[in-house]
2 protein chains.
Amino acid sequence: MDCIEAILGRRSCRAFTNQIVEDEKLQKILTCATYAPSPVNKQPWEFIVVRNRAYNHKLQEEAEKVKSYIAERSKWKWVSKYKVDFISQAPVLIIVVGDPSKNGAEQFLNTPVNGYKQACAAAIENICIAAHCLGLGTLWFSLFEAKSAREIFSIASDKDPVGIICLGYPAKELVAPPRKAVCEKVQYID
Amino acid sequence: MDCIEAILGRRSCRAFTNQIVEDEKLQKILTCATYAPSPVNKQPWEFIVVRNRAYNHKLQEEAEKVKSYIAERSKWKWVSKYKVDFISQAPVLIIVVGDPSKNGAEQFLNTPVNGYKQACAAAIENICIAAHCLGLGTLWFSLFEAKSAREIFSIASDKDPVGIICLGYPAKELVAPPRKAVCEKVQYID
């Protein structure tokens with residue numbers, strides 16, 4: 001698939017079929033993840049690939065718990081109605097685990113920046129685009145406590161589970177949410 | 001260009017020619033940026049496109065200043081030798097400005113997460129990949145103080161200049177820095 005088409009065609013997928021994700025596709029997607037840029041090429045990421053639904057169910061339970069107090073704190077009405085069944089449906093979860101000890105020089109700024117988090121986010125975007133161009137759907141999921149994710153997936157306490165990607169074949173056609181026009185988002189200094 | 005090829009072929013570019021970046025290409029790249037995913041589709045980004053080298057020079061001066069104290073704080077020997085001339089060379093700078101008021105529900109976690117920063121990082125990665133597939137080179141630059149970037153580019157104090165992308169035609173062929181093998185970075189839970 002053409003690259004621009006893949007970037008513009010990627011959608012968040014919230015319904016997956018049971019179809020198994022081919023290992024060849026999974027390896028391509030993971031390779032793309034490792035080709036994200038990172039400060040000083042520290043590659044501050046690790047990927048936990050989960051293909052055992054017992055773990056999906058534990059993560060969904062965590063998400064349900066989190067949803068209930070987020071609904072209360074945010075006062076956003078959609079939160080309690082937001083279904084997270086896609087977590088249990090997804091045949092693959094990829095936990096993107098960042099290593100805070102692998103920041104670049106930006107950690108020494110007067111206002112320090114966590115470059116490892118940005119690099120992990122870029123790796124996640126690569127996963128989402130690569131998956132789309134291989135006919136797969138993704139959801140970049142972030143409604144979980146890092147502490148709980150560490151417990152569920154046995155992640156060391158000094159590592160940061162930056163994001164979780166639900167991956168699988170989409171169960172329905174995906175609709176693009178509207179985007180603001182580029183001209184509303186860009187300012188020129190010429 | 002094929003999508004997987006584009007993701008694997010993107011490189012950090014640190015030498016640009018004077019060739020002007022065509023407006024059509026720039027618009028495609030900016031459109032790709034706006035197609036990154038964001039929590040609750042809040043699109044928490046704005047893009048400042050700079051094509052006036054007076055600003056490049058100011059940013060380079062800032063980078064030189066930052067380098068000197070980062071070299072001291074980090075004790076990393078490469079920092080003082082790291083040339084940032086590519087900043088003045090780049091015919092285009094894109095400042096990716098995040099809006100901290102546009103976080104998603106993850107801001108209400110017990111350990112709050114700044115989803116807007118992750119979304120901006122995904123937008124930056126889209127810029128880098130789209131540029132590569134259009135024959136352009138990019139550098140994701142982060143050695144600047146947010147405060148200074150706000151002053152140079154007249155950014156409001158409540159906005160966060162998450163990253164700056166130097167964009168232009170590469171002056172030389174780009175070499176891929178080595179990547180760890182996927183098997184070293186992946187763990188399976190089956």
# chains A, B, ... in the order shown; residues from 1 in each chain; ligands from 1
$ calpha_fit_and_write --fixed "chain A" --moving "chain B" --output "tab-separated table (two decimals) with C-alpha atoms, in the first residue's frame"
chain	number	residue	atom	x	y	z
B	1	MET	CA	0.00	0.00	0.03
B	2	ASP	CA	1.19	3.51	-0.76
B	3	CYS	CA	2.66	5.24	2.24
B	4	ILE	CA	0.58	8.44	2.19
B	5	GLU	CA	-2.56	6.37	1.61
B	6	ALA	CA	-1.65	4.18	4.61
B	7	ILE	CA	-1.10	7.18	6.90
B	8	LEU	CA	-4.39	8.78	5.83
B	9	GLY	CA	-6.29	5.48	5.89
B	10	ARG	CA	-5.32	4.29	9.38
B	11	ARG	CA	-8.30	4.24	11.74
B	12	SER	CA	-8.87	3.27	15.34
B	13	CYS	CA	-10.48	-0.18	15.33
B	14	ARG	CA	-12.82	-1.18	18.16
B	15	ALA	CA	-14.17	-4.51	16.86
B	16	PHE	CA	-12.00	-7.48	15.88
B	17	THR	CA	-12.71	-10.86	14.30
B	18	ASN	CA	-11.26	-14.09	15.72
B	19	GLN	CA	-8.94	-14.49	12.74
B	20	ILE	CA	-5.39	-15.23	13.82
B	21	VAL	CA	-2.74	-12.63	12.93
B	22	GLU	CA	-0.13	-14.33	10.72
B	23	ASP	CA	3.30	-14.48	12.29
B	24	GLU	CA	4.91	-13.04	9.16
B	25	LYS	CA	2.71	-9.93	9.41
B	26	LEU	CA	3.40	-9.62	13.12
B	27	GLN	CA	7.16	-9.72	12.53
B	28	LYS	CA	6.89	-7.01	9.85
B	29	ILE	CA	4.89	-4.82	12.22
B	30	LEU	CA	7.38	-5.31	15.07
B	31	THR	CA	10.28	-4.54	12.73
B	32	CYS	CA	8.56	-1.29	11.74
B	33	ALA	CA	8.18	-0.46	15.44
B	34	THR	CA	11.93	-0.80	15.98
B	35	TYR	CA	12.60	1.55	13.06
B	36	ALA	CA	11.10	4.57	14.82
B	37	PRO	CA	13.60	7.34	15.55
B	38	SER	CA	14.85	7.71	19.11
B	39	PRO	CA	17.14	10.21	20.83
B	40	VAL	CA	20.79	9.16	20.35
B	41	ASN	CA	19.41	5.94	18.75
B	42	LYS	CA	18.89	4.47	22.23
B	43	GLN	CA	15.90	2.39	21.06
B	44	PRO	CA	14.29	2.80	24.49
B	45	TRP	CA	11.53	0.23	23.92
B	46	GLU	CA	10.56	-3.35	24.45
B	47	PHE	CA	7.48	-5.09	23.10
B	48	ILE	CA	5.43	-7.71	24.90
B	49	VAL	CA	3.30	-9.63	22.42
B	50	VAL	CA	0.30	-11.23	24.14
B	51	ARG	CA	-1.64	-14.02	22.42
B	52	ASN	CA	-3.30	-15.57	25.46
B	53	ARG	CA	-6.77	-14.22	26.07
B	54	ALA	CA	-6.55	-14.78	29.83
B	55	TYR	CA	-4.39	-11.63	29.79
B	56	ASN	CA	-6.82	-9.72	27.59
B	57	HIS	CA	-9.54	-10.44	30.15
B	58	LYS	CA	-7.38	-9.17	33.00
B	59	LEU	CA	-6.64	-5.99	31.07
B	60	GLN	CA	-10.31	-5.50	30.29
B	61	GLU	CA	-11.18	-5.85	33.98
B	62	GLU	CA	-8.57	-3.18	34.75
B	63	ALA	CA	-10.05	-0.94	32.05
B	64	GLU	CA	-13.57	-1.33	33.49
B	65	LYS	CA	-12.28	-0.36	36.92
B	66	VAL	CA	-10.41	2.65	35.57
B	67	LYS	CA	-13.44	3.76	33.53
B	68	SER	CA	-15.62	3.96	36.61
B	69	TYR	CA	-13.42	6.43	38.46
B	70	ILE	CA	-12.50	8.36	35.32
B	71	ALA	CA	-16.22	8.82	34.60
B	72	GLU	CA	-16.60	10.31	38.05
B	73	ARG	CA	-13.51	12.53	37.93
B	74	SER	CA	-13.97	13.80	34.39
B	75	LYS	CA	-17.76	14.30	34.50
B	76	TRP	CA	-17.61	13.25	30.82
B	77	LYS	CA	-20.82	11.38	30.06
B	78	TRP	CA	-19.43	9.23	27.26
B	79	VAL	CA	-16.89	7.52	29.53
B	80	SER	CA	-19.29	5.17	31.33
B	81	LYS	CA	-20.92	4.25	28.00
B	82	TYR	CA	-17.57	3.60	26.31
B	83	LYS	CA	-17.37	-0.15	25.63
B	84	VAL	CA	-13.97	-1.79	26.01
B	85	ASP	CA	-14.93	-5.26	24.74
B	86	PHE	CA	-12.40	-4.82	21.95
B	87	ILE	CA	-9.71	-5.59	24.51
B	88	SER	CA	-10.94	-9.16	24.99
B	89	GLN	CA	-11.70	-9.53	21.28
B	90	ALA	CA	-8.24	-8.57	20.03
B	91	PRO	CA	-6.25	-11.68	19.08
B	92	VAL	CA	-3.02	-9.83	19.82
B	93	LEU	CA	-2.02	-7.19	22.35
B	94	ILE	CA	1.30	-5.40	22.03
B	95	ILE	CA	2.50	-3.74	25.21
B	96	VAL	CA	5.03	-1.02	24.36
B	97	VAL	CA	7.33	-0.73	27.34
B	98	GLY	CA	9.60	2.30	27.61
B	99	ASP	CA	12.91	2.45	29.44
B	100	PRO	CA	13.24	5.76	31.34
B	101	SER	CA	16.99	5.17	31.69
B	102	LYS	CA	17.32	5.49	27.90
B	103	ASN	CA	16.57	9.17	27.40
B	104	GLY	CA	18.72	11.29	25.12
B	105	ALA	CA	20.40	14.62	25.81
B	106	GLU	CA	16.99	16.33	26.21
B	107	GLN	CA	16.85	14.90	29.76
B	108	PHE	CA	19.49	17.51	30.71
B	109	LEU	CA	17.50	20.56	29.60
B	110	ASN	CA	16.48	23.11	32.25
B	111	THR	CA	12.97	21.80	31.62
B	112	PRO	CA	13.80	18.12	31.11
B	113	VAL	CA	11.98	16.13	28.44
B	114	ASN	CA	11.39	12.37	28.49
B	115	GLY	CA	12.59	11.50	24.99
B	116	TYR	CA	11.96	7.80	25.64
B	117	LYS	CA	8.22	8.44	25.82
B	118	GLN	CA	8.21	10.32	22.50
B	119	ALA	CA	10.23	7.54	20.87
B	120	CYS	CA	7.76	4.93	22.17
B	121	ALA	CA	4.85	6.97	20.80
B	122	ALA	CA	6.59	7.06	17.39
B	123	ALA	CA	7.07	3.27	17.57
B	124	ILE	CA	3.36	2.89	18.35
B	125	GLU	CA	2.42	5.04	15.36
B	126	ASN	CA	4.66	2.87	13.14
B	127	ILE	CA	2.81	-0.20	14.45
B	128	CYS	CA	-0.57	1.35	13.67
B	129	ILE	CA	0.39	2.42	10.14
B	130	ALA	CA	2.19	-0.85	9.27
B	131	ALA	CA	-0.75	-2.89	10.58
B	132	HIS	CA	-3.20	-0.88	8.50
B	133	CYS	CA	-1.20	-1.39	5.34
B	134	LEU	CA	-1.22	-5.16	6.01
B	135	GLY	CA	-5.03	-5.17	6.32
B	136	LEU	CA	-5.08	-5.21	10.13
B	137	GLY	CA	-6.79	-2.89	12.58
B	138	THR	CA	-5.32	-1.33	15.71
B	139	LEU	CA	-6.42	0.53	18.77
B	140	TRP	CA	-3.88	2.58	20.73
B	141	PHE	CA	-5.19	2.03	24.25
B	142	SER	CA	-4.19	4.12	27.24
B	143	LEU	CA	-6.93	3.77	29.88
B	144	PHE	CA	-4.92	1.67	32.33
B	145	GLU	CA	-2.77	2.38	35.35
B	146	ALA	CA	0.93	1.72	34.70
B	147	LYS	CA	1.05	-0.08	38.07
B	148	SER	CA	-1.70	-2.52	37.06
B	149	ALA	CA	-0.14	-3.16	33.65
B	150	ARG	CA	3.14	-3.96	35.39
B	151	GLU	CA	1.36	-6.50	37.58
B	152	ILE	CA	-0.66	-8.12	34.79
B	153	PHE	CA	2.22	-8.44	32.33
B	154	SER	CA	5.11	-8.89	34.82
B	155	ILE	CA	6.89	-5.67	33.85
B	156	ALA	CA	9.78	-4.47	36.03
B	157	SER	CA	9.03	-1.51	38.31
B	158	ASP	CA	11.66	0.68	36.60
B	159	LYS	CA	10.02	0.27	33.17
B	160	ASP	CA	7.10	2.31	31.81
B	161	PRO	CA	4.24	0.65	29.90
B	162	VAL	CA	3.68	3.63	27.61
B	163	GLY	CA	0.85	2.21	25.52
B	164	ILE	CA	-1.02	-0.96	24.63
B	165	ILE	CA	-2.03	-1.75	21.07
B	166	CYS	CA	-4.98	-4.02	20.39
B	167	LEU	CA	-4.31	-5.73	17.05
B	168	GLY	CA	-6.39	-7.95	14.78
B	169	TYR	CA	-8.55	-8.10	11.70
B	170	PRO	CA	-11.30	-5.47	11.78
B	171	ALA	CA	-14.83	-6.88	12.24
B	172	LYS	CA	-16.39	-3.98	10.37
B	173	GLU	CA	-15.49	-1.21	8.02
B	174	LEU	CA	-13.91	1.67	9.86
B	175	VAL	CA	-15.20	5.20	9.61
B	176	ALA	CA	-12.81	8.13	9.73
B	177	PRO	CA	-13.53	10.60	12.51
B	178	PRO	CA	-13.59	14.13	11.10
B	179	ARG	CA	-10.36	16.09	11.04
B	180	LYS	CA	-9.98	19.86	11.19
B	181	ALA	CA	-8.78	21.25	7.90
B	182	VAL	CA	-5.02	21.71	7.66
B	183	CYS	CA	-5.45	25.47	7.20
B	184	GLU	CA	-7.06	25.68	10.66
B	185	LYS	CA	-4.05	23.99	12.24
B	186	VAL	CA	-1.15	25.66	10.45
B	187	GLN	CA	0.43	29.06	10.80
B	188	TYR	CA	3.17	30.28	8.45
B	189	ILE	CA	6.23	32.36	9.22
B	190	ASP	CA	7.61	33.32	5.81
$ select_by_dssp --residues "region 28-156 of chain A" --states "alpha helix (DSSP H)" --output "NGL selection string"
:A and (28-34 or 53-74 or 77-81 or 86-89 or 115-133 or 146-153)
$ write_last_selection --atoms "C-alpha atoms" --output "tab-separated table (two decimals), in the first residue's frame"
chain	number	residue	atom	x	y	z
A	28	LYS	CA	6.89	-7.02	9.86
A	29	ILE	CA	4.89	-4.83	12.22
A	30	LEU	CA	7.38	-5.31	15.06
A	31	THR	CA	10.28	-4.54	12.73
A	32	CYS	CA	8.56	-1.29	11.75
A	33	ALA	CA	8.18	-0.46	15.44
A	34	THR	CA	11.92	-0.81	15.99
A	53	ARG	CA	-6.77	-14.20	26.07
A	54	ALA	CA	-6.54	-14.76	29.81
A	55	TYR	CA	-4.39	-11.63	29.79
A	56	ASN	CA	-6.82	-9.71	27.60
A	57	HIS	CA	-9.53	-10.43	30.15
A	58	LYS	CA	-7.37	-9.17	33.00
A	59	LEU	CA	-6.63	-5.99	31.08
A	60	GLN	CA	-10.31	-5.48	30.29
A	61	GLU	CA	-11.16	-5.85	33.98
A	62	GLU	CA	-8.56	-3.18	34.75
A	63	ALA	CA	-10.04	-0.93	32.04
A	64	GLU	CA	-13.55	-1.32	33.50
A	65	LYS	CA	-12.27	-0.36	36.94
A	66	VAL	CA	-10.40	2.66	35.58
A	67	LYS	CA	-13.43	3.76	33.53
A	68	SER	CA	-15.62	3.96	36.61
A	69	TYR	CA	-13.41	6.45	38.46
A	70	ILE	CA	-12.49	8.36	35.32
A	71	ALA	CA	-16.22	8.82	34.59
A	72	GLU	CA	-16.60	10.31	38.05
A	73	ARG	CA	-13.51	12.53	37.93
A	74	SER	CA	-13.96	13.80	34.39
A	77	LYS	CA	-20.82	11.38	30.04
A	78	TRP	CA	-19.43	9.21	27.24
A	79	VAL	CA	-16.90	7.50	29.53
A	80	SER	CA	-19.28	5.17	31.34
A	81	LYS	CA	-20.91	4.25	28.00
A	86	PHE	CA	-12.41	-4.82	21.94
A	87	ILE	CA	-9.71	-5.59	24.51
A	88	SER	CA	-10.94	-9.15	24.98
A	89	GLN	CA	-11.70	-9.52	21.28
A	115	GLY	CA	12.58	11.50	25.00
A	116	TYR	CA	11.96	7.80	25.64
A	117	LYS	CA	8.21	8.44	25.82
A	118	GLN	CA	8.21	10.32	22.51
A	119	ALA	CA	10.22	7.54	20.87
A	120	CYS	CA	7.76	4.93	22.17
A	121	ALA	CA	4.85	6.97	20.80
A	122	ALA	CA	6.59	7.06	17.39
A	123	ALA	CA	7.07	3.28	17.57
A	124	ILE	CA	3.35	2.89	18.35
A	125	GLU	CA	2.42	5.05	15.35
A	126	ASN	CA	4.65	2.87	13.16
A	127	ILE	CA	2.81	-0.21	14.46
A	128	CYS	CA	-0.58	1.35	13.67
A	129	ILE	CA	0.40	2.41	10.14
A	130	ALA	CA	2.19	-0.85	9.28
A	131	ALA	CA	-0.76	-2.89	10.58
A	132	HIS	CA	-3.20	-0.88	8.49
A	133	CYS	CA	-1.20	-1.40	5.35
A	146	ALA	CA	0.92	1.72	34.70
A	147	LYS	CA	1.05	-0.07	38.06
A	148	SER	CA	-1.69	-2.51	37.06
A	149	ALA	CA	-0.14	-3.16	33.63
A	150	ARG	CA	3.16	-3.96	35.39
A	151	GLU	CA	1.35	-6.51	37.59
A	152	ILE	CA	-0.66	-8.12	34.78
A	153	PHE	CA	2.21	-8.44	32.32
$ select_by_dssp --residues "region 83-165 of chain A" --states "strand (DSSP E or B)" --output "list in words"
Val92, Leu93, Ile94, Ile95, Val96, Val97, Gly98, Gly137, Thr138, Leu139, Trp140, Phe141, Asp160, Pro161, Val162, Gly163, Ile164 and Ile165 of chain A
$ write_last_selection --atoms "N, CA and C atoms" --output "tab-separated table (two decimals), in the first residue's frame"
chain	number	residue	atom	x	y	z
A	92	VAL	N	-4.37	-10.17	19.38
A	92	VAL	CA	-3.01	-9.82	19.82
A	92	VAL	C	-3.04	-8.51	20.59
A	93	LEU	N	-2.31	-8.47	21.68
A	93	LEU	CA	-2.02	-7.19	22.35
A	93	LEU	C	-0.51	-6.97	22.23
A	94	ILE	N	-0.13	-5.74	21.97
A	94	ILE	CA	1.31	-5.42	22.02
A	94	ILE	C	1.49	-4.35	23.10
A	95	ILE	N	2.22	-4.71	24.15
A	95	ILE	CA	2.50	-3.74	25.21
A	95	ILE	C	3.82	-3.06	24.84
A	96	VAL	N	3.80	-1.75	24.69
A	96	VAL	CA	5.03	-1.03	24.36
A	96	VAL	C	5.60	-0.47	25.66
A	97	VAL	N	6.75	-1.03	26.04
A	97	VAL	CA	7.33	-0.73	27.35
A	97	VAL	C	8.55	0.17	27.16
A	98	GLY	N	8.50	1.35	27.74
A	98	GLY	CA	9.60	2.30	27.61
A	98	GLY	C	10.61	2.15	28.74
A	137	GLY	N	-6.32	-4.05	11.85
A	137	GLY	CA	-6.79	-2.88	12.58
A	137	GLY	C	-6.08	-2.77	13.91
A	138	THR	N	-5.99	-1.55	14.43
A	138	THR	CA	-5.32	-1.33	15.72
A	138	THR	C	-6.13	-0.38	16.57
A	139	LEU	N	-5.95	-0.51	17.86
A	139	LEU	CA	-6.41	0.53	18.77
A	139	LEU	C	-5.29	0.83	19.75
A	140	TRP	N	-4.91	2.09	19.78
A	140	TRP	CA	-3.89	2.59	20.72
A	140	TRP	C	-4.62	2.86	22.03
A	141	PHE	N	-4.41	1.97	23.01
A	141	PHE	CA	-5.19	2.03	24.24
A	141	PHE	C	-4.35	2.60	25.39
A	160	ASP	N	8.35	1.54	31.99
A	160	ASP	CA	7.11	2.31	31.82
A	160	ASP	C	6.26	1.76	30.67
A	161	PRO	N	5.13	1.11	30.99
A	161	PRO	CA	4.24	0.65	29.91
A	161	PRO	C	3.54	1.86	29.28
A	162	VAL	N	4.12	2.36	28.20
A	162	VAL	CA	3.68	3.63	27.61
A	162	VAL	C	2.34	3.49	26.90
A	163	GLY	N	2.13	2.37	26.24
A	163	GLY	CA	0.87	2.20	25.53
A	163	GLY	C	0.61	0.74	25.23
A	164	ILE	N	-0.65	0.41	24.99
A	164	ILE	CA	-1.01	-0.96	24.63
A	164	ILE	C	-1.77	-0.91	23.31
A	165	ILE	N	-1.34	-1.73	22.36
A	165	ILE	CA	-2.02	-1.75	21.07
A	165	ILE	C	-2.81	-3.05	20.94
